[in-house]
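Participant: Following this line is input.pdb, made up of PDB, C-alpha atoms and all ligand atoms:
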```
ATOM      1  CA  MET C   1     -12.996   0.653 -18.962
ATOM      2  CA  LEU C   2     -12.238  -3.078 -18.957
ATOM      3  CA  ASN C   3     -13.323  -5.498 -21.669
ATOM      4  CA  GLN C   4     -14.618  -9.014 -21.036
ATOM      5  CA  GLU C   5     -11.230 -10.565 -21.745
ATOM      6  CA  GLN C   6      -9.600  -8.369 -19.095
ATOM      7  CA  LEU C   7     -12.339  -9.193 -16.589
ATOM      8  CA  ASP C   8     -11.922 -12.907 -17.315
ATOM      9  CA  ARG C   9      -8.192 -12.509 -16.772
ATOM     10  CA  TYR C  10      -8.828 -10.825 -13.430
ATOM     11  CA  GLN C  11     -11.047 -13.728 -12.335
ATOM     12  CA  GLN C  12      -8.401 -16.197 -13.501
ATOM     13  CA  ASP C  13      -5.223 -14.536 -12.206
ATOM     14  CA  GLY C  14      -6.449 -12.319  -9.368
ATOM     15  CA  PHE C  15      -4.845  -9.224 -10.896
ATOM     16  CA  ILE C  16      -4.997  -7.042 -13.978
ATOM     17  CA  VAL C  17      -2.582  -4.473 -15.422
ATOM     18  CA  ILE C  18      -4.180  -1.453 -17.138
ATOM     19  CA  PRO C  19      -1.486   0.511 -19.017
ATOM     20  CA  ASP C  20      -1.677   4.302 -19.475
ATOM     21  CA  PHE C  21      -4.349   4.777 -16.824
ATOM     22  CA  LYS C  22      -2.773   8.001 -15.533
ATOM     23  CA  THR C  23      -1.179  10.757 -17.621
ATOM     24  CA  PRO C  24       2.359  12.100 -17.137
ATOM     25  CA  ALA C  25       0.819  15.376 -15.889
ATOM     26  CA  GLN C  26      -1.272  13.604 -13.228
ATOM     27  CA  ILE C  27       1.794  11.670 -12.115
ATOM     28  CA  ALA C  28       3.949  14.804 -11.998
ATOM     29  CA  ALA C  29       1.381  16.558  -9.795
ATOM     30  CA  LEU C  30       1.301  13.678  -7.307
ATOM     31  CA  ARG C  31       5.096  13.373  -7.222
ATOM     32  CA  GLN C  32       5.417  17.101  -6.636
ATOM     33  CA  ARG C  33       2.952  17.008  -3.740
ATOM     34  CA  ALA C  34       4.675  13.993  -2.182
ATOM     35  CA  ALA C  35       8.021  15.800  -2.388
ATOM     36  CA  GLU C  36       6.500  18.795  -0.581
ATOM     37  CA  ILE C  37       5.115  16.588   2.211
ATOM     38  CA  VAL C  38       8.541  14.982   2.675
ATOM     39  CA  ASP C  39      10.219  18.360   2.622
ATOM     40  CA  ALA C  40       7.919  19.614   5.400
ATOM     41  CA  PHE C  41       8.475  16.460   7.479
ATOM     42  CA  ASP C  42      10.568  16.905  10.611
ATOM     43  CA  PRO C  43      12.318  13.572  11.331
ATOM     44  CA  ALA C  44      12.181  14.185  15.077
ATOM     45  CA  GLN C  45       8.396  13.788  14.833
ATOM     46  CA  SER C  46       8.633  10.123  13.996
ATOM     47  CA  ARG C  47      11.343   9.371  16.597
ATOM     48  CA  SER C  48      12.324   6.416  14.522
ATOM     49  CA  ILE C  49      16.014   7.162  15.032
ATOM     50  CA  PHE C  50      15.744   5.957  18.637
ATOM     51  CA  THR C  51      15.553   2.339  19.616
ATOM     52  CA  THR C  52      14.738   2.155  23.332
ATOM     53  CA  ARG C  53      11.496   0.492  24.412
ATOM     54  CA  GLU C  54      10.022   3.846  25.415
ATOM     55  CA  GLN C  55      10.675   5.122  21.906
ATOM     56  CA  ASP C  56       9.207   1.966  20.376
ATOM     57  CA  LYS C  57       5.929   2.998  21.945
ATOM     58  CA  HIS C  58       6.177   6.352  20.200
ATOM     59  CA  ILE C  59       6.776   4.577  16.915
ATOM     60  CA  ASP C  60       3.624   2.489  17.504
ATOM     61  CA  HIS C  61       1.620   5.636  18.130
ATOM     62  CA  TYR C  62       3.167   7.322  15.138
ATOM     63  CA  PHE C  63       2.074   4.337  13.041
ATOM     64  CA  LEU C  64      -1.432   4.025  14.539
ATOM     65  CA  ASP C  65      -2.037   7.780  14.293
ATOM     66  CA  SER C  66      -1.150   7.642  10.607
ATOM     67  CA  ALA C  67      -4.511   5.928   9.965
ATOM     68  CA  THR C  68      -6.069   9.381   9.818
ATOM     69  CA  ARG C  69      -3.008  11.525   8.977
ATOM     70  CA  MET C  70      -0.160  11.876   6.511
ATOM     71  CA  HIS C  71       2.982  10.471   8.126
ATOM     72  CA  CYS C  72       6.403   9.817   6.645
ATOM     73  CA  PHE C  73       8.196   6.559   7.497
ATOM     74  CA  PHE C  74      11.901   5.960   7.001
ATOM     75  CA  GLU C  75      13.449   3.133   5.053
ATOM     76  CA  GLU C  76      14.871   0.543   7.455
ATOM     77  CA  GLU C  77      18.331   1.086   6.007
ATOM     78  CA  ALA C  78      18.071   4.888   6.073
ATOM     79  CA  PHE C  79      20.377   5.348   9.081
ATOM     80  CA  GLY C  80      24.053   4.517   9.410
ATOM     81  CA  GLU C  81      25.674   3.138  12.555
ATOM     82  CA  ASP C  82      26.299   6.706  13.711
ATOM     83  CA  GLY C  83      22.531   7.304  13.716
ATOM     84  CA  GLN C  84      22.777   9.764  10.847
ATOM     85  CA  LEU C  85      20.915   9.541   7.560
ATOM     86  CA  ARG C  86      23.024   7.822   4.896
ATOM     87  CA  GLN C  87      21.476   9.821   2.088
ATOM     88  CA  ALA C  88      19.387  12.996   1.830
ATOM     89  CA  LYS C  89      16.033  12.959   3.654
ATOM     90  CA  ALA C  90      14.174  12.992   0.330
ATOM     91  CA  LEU C  91      15.983   9.734  -0.584
ATOM     92  CA  SER C  92      15.427   8.102   2.831
ATOM     93  CA  ILE C  93      11.646   7.937   3.180
ATOM     94  CA  ASN C  94      10.083   4.533   2.591
ATOM     95  CA  LYS C  95       6.499   5.750   2.363
ATOM     96  CA  ILE C  96       3.886   8.337   3.253
ATOM     97  CA  GLY C  97       0.672   6.985   4.801
ATOM     98  CA  HIS C  98      -2.210   6.547   5.228
ATOM     99  CA  ALA C  99      -4.950   9.183   4.742
ATOM    100  CA  MET C 100      -3.625  11.462   1.998
ATOM    101  CA  HIS C 101      -6.563  10.498  -0.222
ATOM    102  CA  ASP C 102      -8.904  12.289   2.189
ATOM    103  CA  LEU C 103      -6.666  15.011   3.621
ATOM    104  CA  ASP C 104      -4.837  16.417   0.619
ATOM    105  CA  PRO C 105      -6.594  17.897  -2.439
ATOM    106  CA  VAL C 106      -3.929  16.742  -4.913
ATOM    107  CA  PHE C 107      -3.964  13.188  -3.553
ATOM    108  CA  SER C 108      -7.756  13.194  -3.372
ATOM    109  CA  ALA C 109      -8.058  14.203  -7.034
ATOM    110  CA  PHE C 110      -5.613  11.445  -8.070
ATOM    111  CA  SER C 111      -7.515   8.885  -5.972
ATOM    112  CA  ARG C 112     -10.987   9.558  -7.342
ATOM    113  CA  GLY C 113     -12.926  10.125 -10.535
ATOM    114  CA  PRO C 114     -15.284   8.424 -12.952
ATOM    115  CA  GLU C 115     -12.609   6.147 -14.486
ATOM    116  CA  LEU C 116     -11.649   4.667 -11.117
ATOM    117  CA  ALA C 117     -15.307   4.406 -10.100
ATOM    118  CA  ALA C 118     -16.000   2.489 -13.326
ATOM    119  CA  VAL C 119     -13.097   0.051 -12.822
ATOM    120  CA  ALA C 120     -14.160  -0.566  -9.218
ATOM    121  CA  ARG C 121     -17.721  -1.272 -10.313
ATOM    122  CA  GLN C 122     -16.508  -3.674 -12.991
ATOM    123  CA  LEU C 123     -14.365  -5.507 -10.458
ATOM    124  CA  GLY C 124     -17.483  -6.056  -8.357
ATOM    125  CA  LEU C 125     -17.176  -3.351  -5.699
ATOM    126  CA  GLN C 126     -20.754  -2.148  -5.279
ATOM    127  CA  GLN C 127     -20.037   0.463  -2.644
ATOM    128  CA  PRO C 128     -16.290   1.177  -2.705
ATOM    129  CA  GLU C 129     -14.717   2.487   0.485
ATOM    130  CA  ILE C 130     -11.106   3.751   0.335
ATOM    131  CA  TRP C 131      -9.499   2.967   3.693
ATOM    132  CA  GLN C 132      -5.888   3.714   3.038
ATOM    133  CA  SER C 133      -3.456   5.429   0.710
ATOM    134  CA  MET C 134       0.305   4.880   0.580
ATOM    135  CA  TYR C 135       2.924   6.683  -1.440
ATOM    136  CA  ILE C 136       5.747   4.152  -1.720
ATOM    137  CA  PHE C 137       9.179   5.458  -2.757
ATOM    138  CA  LYS C 138      11.244   2.258  -3.022
ATOM    139  CA  GLN C 139      14.299   4.475  -2.809
ATOM    140  CA  PRO C 140      17.457   3.910  -4.877
ATOM    141  CA  GLY C 141      19.991   1.675  -3.131
ATOM    142  CA  ILE C 142      18.068   1.228   0.142
ATOM    143  CA  GLY C 143      14.461   0.610  -0.972
ATOM    144  CA  GLY C 144      13.220  -2.063   1.421
ATOM    145  CA  GLU C 145      11.676  -5.431   0.585
ATOM    146  CA  VAL C 146       7.927  -5.782   1.074
ATOM    147  CA  ARG C 147       7.633  -9.367   2.231
ATOM    148  CA  TRP C 148       5.011 -11.752   0.818
ATOM    149  CA  HIS C 149       1.539 -10.923   2.085
ATOM    150  CA  GLN C 150      -2.140 -10.708   1.210
ATOM    151  CA  ASP C 151      -3.854  -7.365   1.663
ATOM    152  CA  ALA C 152      -6.892  -9.021   3.278
ATOM    153  CA  THR C 153      -4.526  -9.531   6.244
ATOM    154  CA  TYR C 154      -4.854  -5.785   6.903
ATOM    155  CA  PHE C 155      -8.419  -5.213   5.670
ATOM    156  CA  ASP C 156     -10.477  -8.080   6.948
ATOM    157  CA  THR C 157     -14.071  -8.122   5.724
ATOM    158  CA  ASP C 158     -16.748 -10.787   5.495
ATOM    159  CA  PRO C 159     -16.820 -11.790   2.711
ATOM    160  CA  VAL C 160     -13.325 -10.800   1.506
ATOM    161  CA  THR C 161     -13.724  -7.738  -0.718
ATOM    162  CA  VAL C 162     -10.532  -5.731  -0.266
ATOM    163  CA  THR C 163      -9.140  -4.772  -3.645
ATOM    164  CA  THR C 164      -5.862  -2.968  -4.255
ATOM    165  CA  PHE C 165      -5.400  -0.170  -6.775
ATOM    166  CA  TRP C 166      -1.647   0.186  -7.334
ATOM    167  CA  PHE C 167      -0.428   2.990  -9.606
ATOM    168  CA  ALA C 168       3.070   2.955 -11.101
ATOM    169  CA  LEU C 169       4.457   6.502 -10.885
ATOM    170  CA  GLU C 170       7.720   5.355 -12.470
ATOM    171  CA  ASP C 171       8.590   2.368 -14.638
ATOM    172  CA  ALA C 172       8.766  -0.670 -12.343
ATOM    173  CA  SER C 173      11.291  -3.327 -13.365
ATOM    174  CA  LEU C 174      13.126  -6.285 -11.880
ATOM    175  CA  GLU C 175      16.070  -3.934 -11.260
ATOM    176  CA  ASN C 176      14.206  -1.388  -9.122
ATOM    177  CA  GLY C 177      11.975  -3.807  -7.214
ATOM    178  CA  CYS C 178       8.719  -4.268  -9.140
ATOM    179  CA  LEU C 179       5.789  -6.161  -7.651
ATOM    180  CA  TRP C 180       5.645  -9.943  -7.862
ATOM    181  CA  ALA C 181       2.388 -11.895  -7.649
ATOM    182  CA  GLU C 182       1.231 -15.479  -7.892
ATOM    183  CA  PRO C 183      -1.305 -15.889 -10.715
ATOM    184  CA  GLY C 184      -4.360 -17.648  -9.275
ATOM    185  CA  GLY C 185      -3.055 -17.208  -5.727
ATOM    186  CA  HIS C 186      -6.244 -15.329  -4.816
ATOM    187  CA  ARG C 187      -7.881 -18.757  -4.533
ATOM    188  CA  THR C 188      -5.671 -19.647  -1.550
ATOM    189  CA  PRO C 189      -6.812 -18.993   2.029
ATOM    190  CA  LEU C 190      -5.890 -16.014   4.163
ATOM    191  CA  ARG C 191      -2.606 -16.860   5.901
ATOM    192  CA  GLU C 192      -2.381 -14.057   8.486
ATOM    193  CA  ARG C 193      -4.589 -11.488  10.159
ATOM    194  CA  PHE C 194      -3.348  -8.128  11.481
ATOM    195  CA  VAL C 195      -5.354  -7.359  14.603
ATOM    196  CA  ARG C 196      -5.577  -4.161  16.601
ATOM    197  CA  GLU C 197      -6.139  -4.311  20.342
ATOM    198  CA  GLY C 198      -6.299  -0.785  21.716
ATOM    199  CA  ASP C 199      -2.893   0.787  21.162
ATOM    200  CA  HIS C 200      -1.268  -2.427  20.002
ATOM    201  CA  VAL C 201      -1.269  -4.466  16.850
ATOM    202  CA  ARG C 202      -0.319  -8.089  16.390
ATOM    203  CA  THR C 203      -0.265 -10.599  13.558
ATOM    204  CA  GLU C 204      -2.228 -13.835  13.969
ATOM    205  CA  LYS C 205      -1.144 -16.826  11.938
ATOM    206  CA  LEU C 206      -4.116 -18.535  10.286
ATOM    207  CA  SER C 207      -2.556 -21.038   7.899
ATOM    208  CA  ASP C 208       0.709 -22.934   7.366
ATOM    209  CA  LEU C 209       0.380 -22.628   3.631
ATOM    210  CA  PRO C 210       3.782 -21.525   2.309
ATOM    211  CA  TRP C 211       4.293 -18.285   0.390
ATOM    212  CA  PRO C 212       4.988 -18.496  -3.332
ATOM    213  CA  ASP C 213       8.520 -18.294  -4.724
ATOM    214  CA  ASP C 214       9.857 -17.424  -8.150
ATOM    215  CA  SER C 215       8.943 -20.848  -9.517
ATOM    216  CA  THR C 216       5.231 -19.909  -9.422
ATOM    217  CA  ALA C 217       5.231 -16.121  -8.989
ATOM    218  CA  VAL C 218       5.602 -13.639 -11.842
ATOM    219  CA  PRO C 219       7.198 -10.165 -11.856
ATOM    220  CA  LEU C 220       4.849  -7.329 -12.792
ATOM    221  CA  GLU C 221       7.158  -5.107 -14.804
ATOM    222  CA  VAL C 222       4.975  -2.156 -15.777
ATOM    223  CA  ARG C 223       5.383   1.310 -17.238
ATOM    224  CA  ALA C 224       4.721   4.551 -15.386
ATOM    225  CA  GLY C 225       1.011   5.368 -15.616
ATOM    226  CA  SER C 226      -0.110   1.747 -15.340
ATOM    227  CA  LEU C 227      -2.765   0.766 -12.840
ATOM    228  CA  VAL C 228      -2.481  -2.698 -11.326
ATOM    229  CA  CYS C 229      -5.650  -3.956  -9.606
ATOM    230  CA  PHE C 230      -5.522  -7.029  -7.453
ATOM    231  CA  HIS C 231      -7.684  -9.213  -5.254
ATOM    232  CA  GLY C 232      -7.257  -9.045  -1.470
ATOM    233  CA  LEU C 233      -6.195 -12.699  -1.229
ATOM    234  CA  LEU C 234      -3.541 -12.447  -3.958
ATOM    235  CA  PRO C 235      -0.081 -13.083  -2.466
ATOM    236  CA  HIS C 236       2.324 -10.347  -3.571
ATOM    237  CA  TYR C 237       5.805  -9.143  -2.761
ATOM    238  CA  SER C 238       8.477  -6.698  -3.881
ATOM    239  CA  ALA C 239      12.256  -7.137  -3.652
ATOM    240  CA  PRO C 240      14.727  -4.609  -2.217
ATOM    241  CA  ASN C 241      15.821  -1.927  -4.624
ATOM    242  CA  ARG C 242      19.599  -2.036  -4.987
ATOM    243  CA  SER C 243      19.531  -0.086  -8.246
ATOM    244  CA  PRO C 244      20.345   3.629  -8.590
ATOM    245  CA  VAL C 245      16.774   4.323  -9.749
ATOM    246  CA  SER C 246      13.747   4.812  -7.459
ATOM    247  CA  ARG C 247      10.429   3.009  -8.020
ATOM    248  CA  HIS C 248       7.660   5.342  -6.859
ATOM    249  CA  ALA C 249       4.147   3.885  -6.611
ATOM    250  CA  TYR C 250       0.857   4.968  -5.084
ATOM    251  CA  THR C 251      -1.616   2.470  -3.730
ATOM    252  CA  LEU C 252      -5.199   2.452  -2.435
ATOM    253  CA  HIS C 253      -6.891  -0.283  -0.436
ATOM    254  CA  VAL C 254     -10.599  -0.422  -1.013
ATOM    255  CA  THR C 255     -13.361  -2.608   0.411
ATOM    256  CA  ASP C 256     -17.021  -2.997  -0.445
ATOM    257  CA  GLY C 257     -19.341  -1.300   2.039
ATOM    258  CA  ALA C 258     -21.722  -4.206   1.446
ATOM    259  CA  SER C 259     -19.272  -6.540   3.278
ATOM    260  CA  ARG C 260     -18.753  -6.483   7.041
ATOM    261  CA  TYR C 261     -15.613  -4.518   7.951
ATOM    262  CA  SER C 262     -13.924  -6.079  10.976
ATOM    263  CA  PRO C 263     -13.864  -3.895  14.092
ATOM    264  CA  ALA C 264     -10.385  -5.358  14.758
ATOM    265  CA  ASN C 265      -8.869  -3.827  11.602
ATOM    266  CA  TRP C 266      -6.194  -1.287  12.498
ATOM    267  CA  ILE C 267      -7.877   1.532  10.542
ATOM    268  CA  GLN C 268     -11.332   2.543  11.744
ATOM    269  CA  ARG C 269     -13.369   5.533  10.671
ATOM    270  CA  GLY C 270     -16.432   7.127  12.256
ATOM    271  CA  ALA C 271     -18.882   9.928  11.636
ATOM    272  CA  GLU C 272     -16.179  12.505  12.436
ATOM    273  CA  PHE C 273     -14.028  11.286   9.524
ATOM    274  CA  PRO C 274     -16.172   9.079   7.324
ATOM    275  CA  VAL C 275     -14.752   6.632   4.810
ATOM    276  CA  ARG C 276     -15.414   7.643   1.189
ATOM    277  CA  GLY C 277     -15.397   6.006  -2.218
ATOM    278  CA  PHE C 278     -14.223   7.021  -5.685
ATOM    279  CA  GLU C 279     -16.905   9.654  -6.307
TER     280      GLU C 279
HETATM  281  O1  LIG H 301       4.663  -1.436  -3.829
HETATM  282  C1  LIG H 301       5.063  -2.375  -3.128
HETATM  283  O2  LIG H 301       6.226  -2.717  -3.107
HETATM  284  C2  LIG H 301       4.088  -3.153  -2.277
HETATM  285  C3  LIG H 301       2.721  -2.589  -2.336
HETATM  286  C4  LIG H 301       1.679  -3.397  -1.642
HETATM  287  O3  LIG H 301       1.913  -4.376  -0.991
HETATM  288  C5  LIG H 301       0.285  -2.968  -1.809
HETATM  289  O4  LIG H 301       0.051  -1.927  -2.456
HETATM  290  O5  LIG H 301      -0.596  -3.653  -1.306
HETATM  291 FE    FE H 302       0.060  -5.280  -0.287
END
```
Please lay out the structure from this file as structure tokens.
Facilitator:
Amino acid sequence: MLNQEQLDRYQQDGFIVIPDFKTPAQIAALRQRAAEIVDAFDPAQSRSIFTTREQDKHIDHYFLDSATRMHCFFEEEAFGEDGQLRQAKALSINKIGHAMHDLDPVFSAFSRGPELAAVARQLGLQQPEIWQSMYIFKQPGIGGEVRWHQDATYFDTDPVTVTTFWFALEDASLENGCLWAEPGGHRTPLRERFVREGDHVRTEKLSDLPWPDDSTAVPLEVRAGSLVCFHGLLPHYSAPNRSPVSRHAYTLHVTDGASRYSPANWIQRGAEFPVRGFE
């Protein structure tokens, strides 16, 4: 799948863009399925329109439970001061997460197959384990920023093996909030760790190293169908989407079963719902 030059580039930069990895038909099927999940979603389930402390607890549970389910999360700017949605529900959801790749046949088919298995192998994942899937809408007008982070913050393993497989389902541009990354930034240390303690999660600061800015980071403007793979220590970010055009993407976070997966990671799987790879 990848030639030596592309693999060298991955080592050098910490990311690689593979154009035309998915066909328009594959993308259409995933978009259709996502739209159906959103359509079936009852906003009262997430309780995210309430802001009291009691309700915050529900939001926590709604988030933690999503590790093994398919939950819809609203954009932060989805609601007006009157507590009502500012645009249609279908244009208000920030993302669906986090187990569609195992629970839904359409998502599972998109998330697996010999091509993905081959890329994972070439990137050094001996025993790929897909922990999480996210369908990110980056809605027109209100699509939220994803602040600078490293994905190893959320998928801590020893050694670091988490690798992100990010699929553009629409053209991603500077206007609609494409990804930004810092070439070579995968050689910087882990800055934060997201730790689960029972029903709570917290973020531990590990390093004072600053995040990149647009003097060193580059925008990853890619066409629909592109696959972007990146290293778990690569700092990345995406800006708010103030444009009238959405920026749908689908992303998988994958570790190597040969590395030790931290028992403090927020997503855990057991024999009742085992973690699977690309096969
Ligand atoms: O799509 C985005 O804006 C951010 C995605 C991301 O952080 C990821 O896939 O790890
Ligand atoms: Fe990320």
Participant: Can you measure CA of Ser259 in chain C to CA of Val195 in chain C for me? One decimal in Å is fine.
Facilitator: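 Those two atoms sit 18.0 Å apart.
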Participant: Given the choices C:Met134, C:Val245, C:Ala78, C:Ala44, which gets closest to ligand LIG 301 (chain H) if the distance is worked out from all atoms listed in the file?
Facilitator: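 Smallest distance to ligand LIG 301 (chain H) is found for C:Met134.
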Participant: For Thr188 in chain C, which residue among C:Asp13, C:Asp8, C:Glu170, C:Asp256 is the nearest when counting all atoms listed in the file?
Facilitator: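 Closest to Thr188 in chain C, using all atoms listed in the file: C:Asp13.
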Participant: Report the closest atom pair, with its distance in Å rounded to one decimal, for each residue of chain C that has an atom no farther than 9 Å from ligand LIG 301 (chain H); count all atoms listed in the file, sort by chain and then rising residue number, and write it as a Markdown table.
Facilitator:
```
| residue | atom | partner | partner_atom | distance |
| --- | --- | --- | --- | --- |
| C:Ser133 | CA | H:LIG301 | O4 | 8.7 |
| C:Met134 | CA | H:LIG301 | O4 | 7.5 |
| C:Tyr135 | CA | H:LIG301 | O1 | 8.6 |
| C:Ile136 | CA | H:LIG301 | O1 | 6.1 |
| C:Phe137 | CA | H:LIG301 | O1 | 8.3 |
| C:Lys138 | CA | H:LIG301 | O2 | 7.1 |
| C:Gly144 | CA | H:LIG301 | O2 | 8.4 |
| C:Glu145 | CA | H:LIG301 | O2 | 7.1 |
| C:Val146 | CA | H:LIG301 | O2 | 5.5 |
| C:Arg147 | CA | H:LIG301 | O3 | 8.2 |
| C:Trp148 | CA | H:LIG301 | O3 | 8.2 |
| C:His149 | CA | H:LIG301 | O3 | 7.2 |
| C:Gln150 | CA | H:LIG301 | O5 | 7.6 |
| C:Asp151 | CA | H:LIG301 | O5 | 5.8 |
| C:Thr163 | CA | H:LIG301 | O5 | 8.9 |
| C:Thr164 | CA | H:LIG301 | O5 | 6.1 |
| C:Phe165 | CA | H:LIG301 | O4 | 7.2 |
| C:Trp166 | CA | H:LIG301 | O4 | 5.6 |
| C:Phe167 | CA | H:LIG301 | O4 | 8.7 |
| C:Ala168 | CA | H:LIG301 | O1 | 8.6 |
| C:Gly177 | CA | H:LIG301 | O2 | 7.1 |
| C:Cys178 | CA | H:LIG301 | O2 | 6.7 |
| C:Leu179 | CA | H:LIG301 | O2 | 5.7 |
| C:Trp180 | CA | H:LIG301 | O2 | 8.7 |
| C:Phe230 | CA | H:LIG301 | O5 | 8.6 |
| C:Gly232 | CA | H:LIG301 | O5 | 8.6 |
| C:His236 | CA | H:LIG301 | O3 | 6.5 |
| C:Tyr237 | CA | H:LIG301 | C2 | 6.2 |
| C:Ser238 | CA | H:LIG301 | O2 | 4.6 |
| C:Ala239 | CA | H:LIG301 | O2 | 7.5 |
| C:Pro240 | CA | H:LIG301 | O2 | 8.8 |
| C:Arg247 | CA | H:LIG301 | O1 | 8.4 |
| C:His248 | CA | H:LIG301 | O1 | 8.0 |
| C:Ala249 | CA | H:LIG301 | O1 | 6.0 |
| C:Tyr250 | CA | H:LIG301 | O4 | 7.4 |
| C:Thr251 | CA | H:LIG301 | O4 | 4.9 |
| C:Leu252 | CA | H:LIG301 | O4 | 6.8 |
| C:His253 | CA | H:LIG301 | O5 | 7.2 |
```
Participant: Calculated over only C-alpha atoms, which of the candidates C:Gly113, C:Tyr10, C:Asp60, C:Asn241 has the smallest distance to Asn94 in chain C?
Facilitator: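 Distance minimum relative to Asn94 in chain C lands on C:Asn241.
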Participant: Just so the selection is clear, what residues does the PyMOL selection byres (((chain C and resi 182) around 8) and not hetatm) cover here, as a VMD selection string?
Facilitator: chain C and resid 13 180 to 181 183 to 185 212 216 to 218 234 to 236
Participant: Given the choices C:Asn265, C:Gly225, C:Tyr154, C:Pro210, which gets closest to ligand FE 302 (chain H) if the distance is worked out from only C-alpha atoms and all ligand atoms?
Facilitator: C:Tyr154
Participant: Which neighbours of Leu103 in chain C fall inside 12 Å, counting all atoms listed in the file, when residues of the same chain fewer than 2 positions from it are skipped, and could you give them as a PyMOL selection string?
Facilitator: chain C and resi 37+66-71+97-101+105-109+111+132-133+273-276
